[in-house]
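Coordinates as given in protein-v5.txt (compact mmCIF, C-alpha atoms):
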# COMPACT_ATOMS: atom_id res chain seq x y z
CA MET S 11 -27.72 1.91 4.99
CA ALA S 12 -29.45 4.63 7.02
CA ASN S 13 -26.63 7.00 6.16
CA PHE S 14 -26.93 6.15 2.46
CA ILE S 15 -30.67 6.79 2.35
CA SER S 16 -30.31 10.12 4.16
CA LEU S 17 -27.61 11.25 1.75
CA ALA S 18 -29.46 10.04 -1.32
CA GLU S 19 -32.66 11.68 -0.03
CA VAL S 20 -34.83 8.78 -1.12
CA THR S 21 -38.42 9.95 -0.77
CA CYS S 22 -40.29 7.17 -2.56
CA LYS S 23 -41.42 3.96 -0.93
CA PHE S 24 -39.84 0.64 -1.82
CA GLY S 25 -42.34 -1.33 -3.85
CA ASP S 26 -43.85 1.65 -5.66
CA GLN S 27 -43.57 1.52 -9.42
CA ALA S 28 -42.15 5.07 -9.41
CA CYS S 29 -39.41 4.15 -6.93
CA PRO S 30 -36.15 3.32 -8.77
CA PHE S 31 -33.51 1.14 -7.20
CA PRO S 32 -31.45 3.42 -4.88
CA ALA S 33 -28.06 2.14 -5.98
CA PRO S 34 -25.44 2.85 -3.28
CA GLY S 35 -22.53 4.97 -4.38
CA ALA S 36 -19.68 6.96 -2.90
CA GLY S 37 -22.21 8.81 -0.78
CA ILE S 38 -22.33 5.96 1.74
CA PHE S 39 -18.78 6.90 2.76
CA GLU S 40 -19.65 10.54 3.46
CA TRP S 41 -20.77 11.48 6.98
CA ARG S 42 -22.17 14.72 8.30
CA ALA S 43 -20.16 16.31 11.11
CA ILE S 44 -21.52 15.52 14.57
CA THR S 45 -19.61 18.46 15.99
CA SER S 46 -16.58 20.59 15.15
CA LEU S 47 -13.47 21.35 17.16
CA ASN S 48 -12.23 24.91 16.74
CA LEU S 49 -8.41 25.02 16.76
CA GLY S 50 -7.94 28.68 16.04
CA LEU S 51 -6.84 28.92 12.41
CA THR S 52 -8.66 25.74 11.50
CA SER S 53 -11.38 23.42 12.71
CA ILE S 54 -11.80 19.66 12.74
CA ASP S 55 -15.11 18.03 11.94
CA VAL S 56 -15.89 15.11 14.25
CA THR S 57 -17.71 12.50 12.18
CA LYS S 58 -18.68 8.89 12.79
CA PRO S 59 -15.43 7.52 11.22
CA VAL S 60 -13.38 9.78 13.53
CA ILE S 61 -15.27 8.51 16.57
CA LEU S 62 -14.83 4.91 15.43
CA ALA S 63 -11.08 5.48 14.94
CA LEU S 64 -10.82 6.83 18.48
CA LEU S 65 -12.87 3.88 19.72
CA CYS S 66 -10.49 1.46 17.95
CA THR S 67 -7.54 3.16 19.65
CA VAL S 68 -9.21 2.79 23.05
CA ILE S 69 -10.17 -0.84 22.41
CA VAL S 70 -6.67 -1.93 21.38
CA SER S 71 -5.04 0.00 24.24
CA VAL S 72 -7.44 -1.27 26.91
CA VAL S 73 -7.24 -4.89 25.74
CA PHE S 74 -3.43 -4.96 25.81
CA LEU S 75 -3.19 -3.08 29.11
CA ALA S 76 -5.76 -5.37 30.71
CA ALA S 77 -4.06 -8.49 29.35
CA PHE S 78 -0.64 -7.61 30.76
CA ALA S 79 -1.63 -5.64 33.86
CA ARG S 80 -0.74 -8.65 36.02
CA PRO S 81 1.13 -11.02 33.69
CA LYS S 82 1.40 -14.66 34.74
CA LEU S 83 4.11 -17.13 33.86
CA VAL S 84 1.41 -19.51 32.63
CA PRO S 85 -1.02 -17.23 30.77
CA THR S 86 -4.75 -17.67 31.15
CA GLY S 87 -7.85 -15.86 29.97
CA LEU S 88 -7.30 -12.57 28.16
CA GLN S 89 -3.52 -12.73 28.56
CA ASN S 90 -3.47 -16.08 26.78
CA VAL S 91 -5.53 -14.77 23.86
CA VAL S 92 -3.46 -11.60 23.45
CA GLU S 93 -0.19 -13.54 23.70
CA VAL S 94 -1.32 -15.76 20.84
CA GLY S 95 -1.81 -12.64 18.71
CA TYR S 96 1.53 -11.21 19.83
CA LEU S 97 3.36 -14.45 19.02
CA PHE S 98 1.61 -14.65 15.66
CA VAL S 99 2.99 -11.24 14.66
CA ARG S 100 6.43 -12.04 16.11
CA ASP S 101 6.86 -15.46 14.48
CA ASN S 102 5.02 -14.96 11.18
CA ILE S 103 5.92 -11.37 10.39
CA ALA S 104 8.80 -9.91 12.41
CA ARG S 105 11.11 -12.92 12.63
CA GLU S 106 10.04 -14.28 9.26
CA ILE S 107 11.11 -11.05 7.54
CA MET S 108 13.87 -9.65 9.77
CA GLY S 109 15.08 -12.62 11.78
CA LYS S 110 16.08 -11.92 15.38
CA ASP S 111 16.45 -8.22 14.50
CA GLY S 112 12.69 -8.12 14.25
CA ASP S 113 12.10 -8.77 17.96
CA ARG S 114 12.60 -5.11 18.90
CA PHE S 115 9.95 -4.06 16.38
CA VAL S 116 7.32 -6.57 17.49
CA PRO S 117 5.48 -4.08 19.79
CA PHE S 118 5.16 -1.60 16.94
CA LEU S 119 4.11 -4.24 14.41
CA THR S 120 1.65 -5.84 16.82
CA SER S 121 0.03 -2.50 17.62
CA LEU S 122 -0.20 -1.72 13.91
CA PHE S 123 -1.71 -5.10 13.04
CA PHE S 124 -4.41 -5.04 15.69
CA PHE S 125 -5.26 -1.37 15.12
CA VAL S 126 -5.72 -1.87 11.37
CA TRP S 127 -7.65 -5.08 11.94
CA THR S 128 -9.95 -3.43 14.50
CA MET S 129 -10.65 -0.52 12.15
CA ASN S 130 -11.53 -3.01 9.40
CA VAL S 131 -13.73 -5.13 11.65
CA MET S 132 -15.90 -2.12 12.48
CA ALA S 133 -17.62 -2.83 9.15
CA ILE S 134 -19.44 -5.84 10.61
CA ILE S 135 -20.00 -4.60 14.17
CA PRO S 136 -23.67 -3.72 14.80
CA VAL S 137 -24.33 0.02 15.14
CA ALA S 138 -20.81 0.85 13.90
CA GLN S 139 -21.22 -0.93 10.54
CA PHE S 140 -18.51 1.07 8.81
CA PRO S 141 -14.88 0.16 7.99
CA VAL S 142 -12.79 3.09 9.19
CA SER S 143 -10.06 2.18 6.69
CA SER S 144 -12.46 2.90 3.82
CA ARG S 145 -11.92 6.62 4.52
CA PHE S 146 -8.70 7.33 2.65
CA ALA S 147 -7.31 9.73 5.27
CA PHE S 148 -6.82 6.95 7.83
CA PRO S 149 -4.72 4.60 5.63
CA VAL S 150 -2.75 7.66 4.47
CA VAL S 151 -1.85 8.62 8.05
CA LEU S 152 -0.79 5.06 8.87
CA ALA S 153 1.26 4.83 5.67
CA LEU S 154 2.99 8.13 6.51
CA ILE S 155 3.86 6.80 9.98
CA VAL S 156 5.42 3.72 8.37
CA TRP S 157 7.19 5.96 5.83
CA PHE S 158 8.77 8.12 8.55
CA VAL S 159 9.77 5.03 10.56
CA TYR S 160 11.61 3.23 7.76
CA LEU S 161 13.25 6.40 6.45
CA TYR S 162 14.45 7.29 9.96
CA LEU S 163 15.78 3.78 10.58
CA GLY S 164 17.51 3.74 7.20
CA MET S 165 19.31 7.03 7.86
CA LYS S 166 20.13 5.98 11.43
CA ASN S 167 21.59 2.60 10.51
CA GLN S 168 23.26 3.42 7.20
CA GLY S 169 23.86 7.15 7.57
CA VAL S 170 21.98 9.82 5.63
CA VAL S 171 24.30 9.76 2.62
CA GLY S 172 24.83 6.01 2.76
CA TYR S 173 21.12 5.25 2.95
CA PHE S 174 20.13 7.33 -0.07
CA LYS S 175 23.22 6.13 -1.94
CA ASN S 176 22.20 2.50 -1.34
CA ILE S 177 18.67 3.32 -2.50
CA ALA S 178 19.85 4.94 -5.71
CA PHE S 179 22.69 2.51 -6.36
CA PRO S 180 21.86 -0.92 -4.88
CA PRO S 181 25.06 -2.83 -4.05
CA GLY S 182 26.14 -5.72 -6.28
CA MET S 183 24.41 -4.55 -9.47
CA PRO S 184 26.14 -4.12 -12.86
CA ILE S 185 27.04 -0.47 -13.49
CA GLY S 186 25.23 -0.43 -16.83
CA ILE S 187 21.86 -1.13 -15.22
CA TYR S 188 21.92 1.88 -12.86
CA PRO S 189 20.50 4.42 -15.37
CA LEU S 190 17.37 2.27 -15.51
CA LEU S 191 17.36 0.95 -11.94
CA THR S 192 18.16 4.16 -10.02
CA PRO S 193 14.99 6.15 -10.84
CA ILE S 194 12.86 3.06 -10.22
CA GLU S 195 14.44 2.41 -6.82
CA VAL S 196 14.24 6.05 -5.73
CA LEU S 197 10.60 6.40 -6.77
CA SER S 198 9.72 3.05 -5.24
CA THR S 199 11.27 3.77 -1.84
CA ILE S 200 10.33 7.42 -1.45
CA ILE S 201 6.93 7.63 -3.15
CA ILE S 202 5.45 4.36 -4.42
CA ARG S 203 5.80 2.38 -1.18
CA PRO S 204 3.67 4.63 1.06
CA VAL S 205 1.19 5.39 -1.74
CA THR S 206 0.50 1.75 -2.58
CA LEU S 207 0.45 0.84 1.12
CA ALA S 208 -2.37 3.32 1.72
CA ILE S 209 -4.29 2.61 -1.49
CA ARG S 210 -4.23 -1.17 -1.02
CA LEU S 211 -5.86 -0.99 2.40
CA PHE S 212 -8.32 1.74 1.42
CA ALA S 213 -9.42 0.15 -1.87
CA ASN S 214 -10.12 -3.27 -0.37
CA MET S 215 -12.21 -1.88 2.49
CA PHE S 216 -13.99 0.58 0.18
CA ALA S 217 -14.91 -2.08 -2.38
CA GLY S 218 -15.97 -4.64 0.22
CA HIS S 219 -18.24 -2.26 2.08
CA LEU S 220 -19.80 -0.96 -1.15
CA LEU S 221 -20.45 -4.48 -2.42
CA ILE S 222 -22.10 -5.63 0.80
CA THR S 223 -24.23 -2.46 0.88
CA VAL S 224 -25.42 -3.05 -2.70
CA PHE S 225 -26.69 -6.56 -1.91
CA THR S 226 -28.15 -5.47 1.43
CA VAL S 227 -30.18 -2.70 -0.23
CA SER S 228 -31.11 -5.11 -3.04
CA ALA S 229 -32.50 -7.66 -0.59
CA TRP S 230 -34.75 -5.07 1.03
CA TYR S 231 -35.74 -3.41 -2.24
CA LEU S 232 -36.64 -6.64 -4.05
CA LEU S 233 -38.57 -7.94 -1.05
CA ASN S 234 -40.87 -4.92 -1.30
CA LEU S 235 -41.06 -4.88 -5.07
CA THR S 236 -44.59 -5.24 -6.45
CA ASN S 237 -45.74 -6.32 -9.87
CA PHE S 238 -48.01 -4.42 -12.21
CA VAL S 239 -51.18 -5.50 -10.37
CA GLY S 240 -49.89 -4.49 -6.96
CA PHE S 241 -48.97 -7.90 -5.57
CA VAL S 242 -45.52 -8.83 -4.31
CA SER S 243 -43.45 -9.97 -7.25
CA VAL S 244 -42.37 -13.62 -7.12
CA ILE S 245 -39.23 -12.74 -9.02
CA GLY S 246 -38.58 -9.92 -6.57
CA TYR S 247 -39.14 -12.26 -3.63
CA LEU S 248 -36.72 -14.86 -5.00
CA GLY S 249 -34.23 -12.13 -5.88
CA SER S 250 -34.42 -10.85 -2.32
CA ILE S 251 -33.61 -14.30 -0.94
CA VAL S 252 -30.63 -14.63 -3.28
CA SER S 253 -29.39 -11.12 -2.40
CA PHE S 254 -29.72 -11.84 1.30
CA PHE S 255 -27.77 -15.10 0.92
CA VAL S 256 -25.05 -13.34 -1.10
CA THR S 257 -24.85 -10.67 1.60
CA ILE S 258 -24.14 -13.32 4.23
CA VAL S 259 -21.51 -14.99 2.05
CA LEU S 260 -19.85 -11.67 1.24
CA THR S 261 -19.83 -10.71 4.93
CA GLY S 262 -17.99 -13.93 5.77
CA PHE S 263 -15.54 -13.31 2.93
CA GLU S 264 -15.10 -9.71 4.06
CA MET S 265 -14.13 -10.90 7.55
CA PHE S 266 -11.30 -12.86 5.93
CA ILE S 267 -10.25 -9.84 3.84
CA GLN S 268 -10.27 -7.61 6.93
CA ALA S 269 -7.73 -9.83 8.70
CA LEU S 270 -5.75 -10.41 5.49
CA GLN S 271 -5.36 -6.69 4.78
CA ALA S 272 -4.18 -6.05 8.34
CA PHE S 273 -1.65 -8.86 7.87
CA ILE S 274 -0.45 -7.55 4.49
CA PHE S 275 -0.14 -3.98 5.79
CA THR S 276 1.97 -5.17 8.73
CA LEU S 277 3.98 -7.58 6.60
CA LEU S 278 4.93 -4.87 4.11
CA THR S 279 5.83 -2.57 6.99
CA ALA S 280 8.24 -5.24 8.24
CA VAL S 281 9.71 -5.60 4.74
CA PHE S 282 10.28 -1.84 4.47
CA ILE S 283 11.88 -1.69 7.93
CA SER S 284 14.11 -4.66 7.08
CA SER S 285 15.36 -2.92 3.93
CA SER S 286 16.26 0.11 6.07
CA LEU S 287 18.26 -1.91 8.56
CA HIS S 288 20.54 -3.42 5.92
CA ALA S 289 21.89 -2.13 2.63
CA GLU S 290 21.46 -5.51 0.93
CA HIS S 291 18.39 -5.89 -1.31

Let's see the structure in the file written out as structure tokens.
Amino acid sequence: MANFISLAEVTCKFGDQACPFPAPGAGIFEWRAITSLNLGLTSIDVTKPVILALLCTVIVSVVFLAAFARPKLVPTGLQNVVEVGYLFVRDNIAREIMGKDGDRFVPFLTSLFFFVWTMNVMAIIPVAQFPVSSRFAFPVVLALIVWFVYLYLGMKNQGVVGYFKNIAFPPGMPIGIYPLLTPIEVLSTIIIRPVTLAIRLFANMFAGHLLITVFTVSAWYLLNLTNFVGFVSVIGYLGSIVSFFVTIVLTGFEMFIQALQAFIFTLLTAVFISSSLHAEH
């Protein structure tokens, strides 16, 4: 909220008749550069989302390293908690989609799941209070990583020619359907998959954060709203209570969405990898 007000340059005081409702917009996702890194021909602005992304990387790495630094046969404490997460990804994503072939991809899928989930959860962490995935660049980079992985695996397991042949001409289909099916399959595998993978994650985190911000600002604005004689408006007071309650409900719902989007992102990654391992659709 502080970032939104600074960007919107709100100068009036909540409660004044001349103070319109400062409706949050896309500006709440824009952050001024804290510093810049000069890389010669270009420079990189270090903003709050960049710092949070680095923090998420450190958190996931440290947690997993600490959990398995001295692994025990009967896990306890942090190892037990992390193993539950690892087994969840293995049994409900990797093996569910790829069978036993999925075991060798569990480390990658587990890292992806917890990294995406941690970036999403930053939206409800005090001080952070911003979902890193709501900045489109981060889902795009993750989607490109997935894109390179499944394309590489497809060419490695089926051969370069064989892989693209199986994409364009899926085995077992009637010949007459290929003129319609081939462009769809090629576009889907090469372009649509990574694009929708990135947009799905970004759009959900963007919309959720914007919605929560709207009701948070509404609760504060309505609480300070005065009527025409200068007293606190009863309607504004009641509206503030309702907005505050909705904010709490939406935050709880957003926590579910944060985990769900991490699951869906990882699940689709497993589906794409599975399609690269075998020619069958």

Which residues of range 108-212 of chain S sit at most 6 Å from range 262-281 of chain S, using all atoms listed in the file? Give each one's shortest atom pair and distance in Å (one decimal place), in chain and ascending residue order, as JSON lines.
{"residue": "S:Phe123", "atom": "CA", "partner": "S:Ala272", "partner_atom": "CA", "distance": 5.4}
{"residue": "S:Val126", "atom": "CA", "partner": "S:Ala272", "partner_atom": "CA", "distance": 5.4}
{"residue": "S:Trp127", "atom": "CA", "partner": "S:Ala272", "partner_atom": "CA", "distance": 5.1}
{"residue": "S:Asn130", "atom": "CA", "partner": "S:Gln268", "partner_atom": "CA", "distance": 5.4}

Any idea what's packed within 12 Å of range 179-195 of chain S, counting all atoms listed in the file, ignoring anything in its chain fewer than 4 positions away? Could you give it as number ranges by chain? S: 171-175, 199-203, 285, 288-291

Across S:Val73, S:Ala79, S:Ala147, S:Val170, the smallest distance to Phe124 in chain S, with all atoms listed in the file counted, is shown by S:Val73

Quick one: pull the distance between CA of Ile283 in chain S and CA of Val99 in chain S, Å, one decimal. 14.7 Å

Check the smallest atom-to-atom distance from each of S:Ile54, S:Leu211, S:Ile245, S:Thr257 to Val151 in chain S using all atoms listed in the file, then report the winner. S:Leu211

Please identify all polymer residues lying at most 12 Å from the point (-26.2, -5.2, -3.8) (file coordinates), using all atoms listed in the file, and present the result as a PyMOL selection string. chain S and resi 11+31-35+217-232+249-250+252-258+260

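Restricting the calculation to all atoms listed in the file, the smallest distance between Phe115 in chain S and any of S:Leu163, S:Ala43, S:Gln89, S:Leu152 is found for S:Leu163.
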
For Ser144 in chain S, which residue among S:Met215, S:Ile209, S:Ile107, S:Leu65 is the nearest when counting only C-alpha atoms? S:Met215

Contacts of Pro117 in chain S at 10 Å (only C-alpha atoms; same-chain gap of 3+ positions) as a list in words: Tyr96, Val99, Arg100, Ala104, Gly112, Asp113, Arg114, Thr120, Ser121, Leu122 and Phe123 of chain S

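Proximity of S:Met129, S:Leu97, S:Leu49, S:Val156 to Val70 in chain S, computed with only C-alpha atoms, is greatest for S:Met129.
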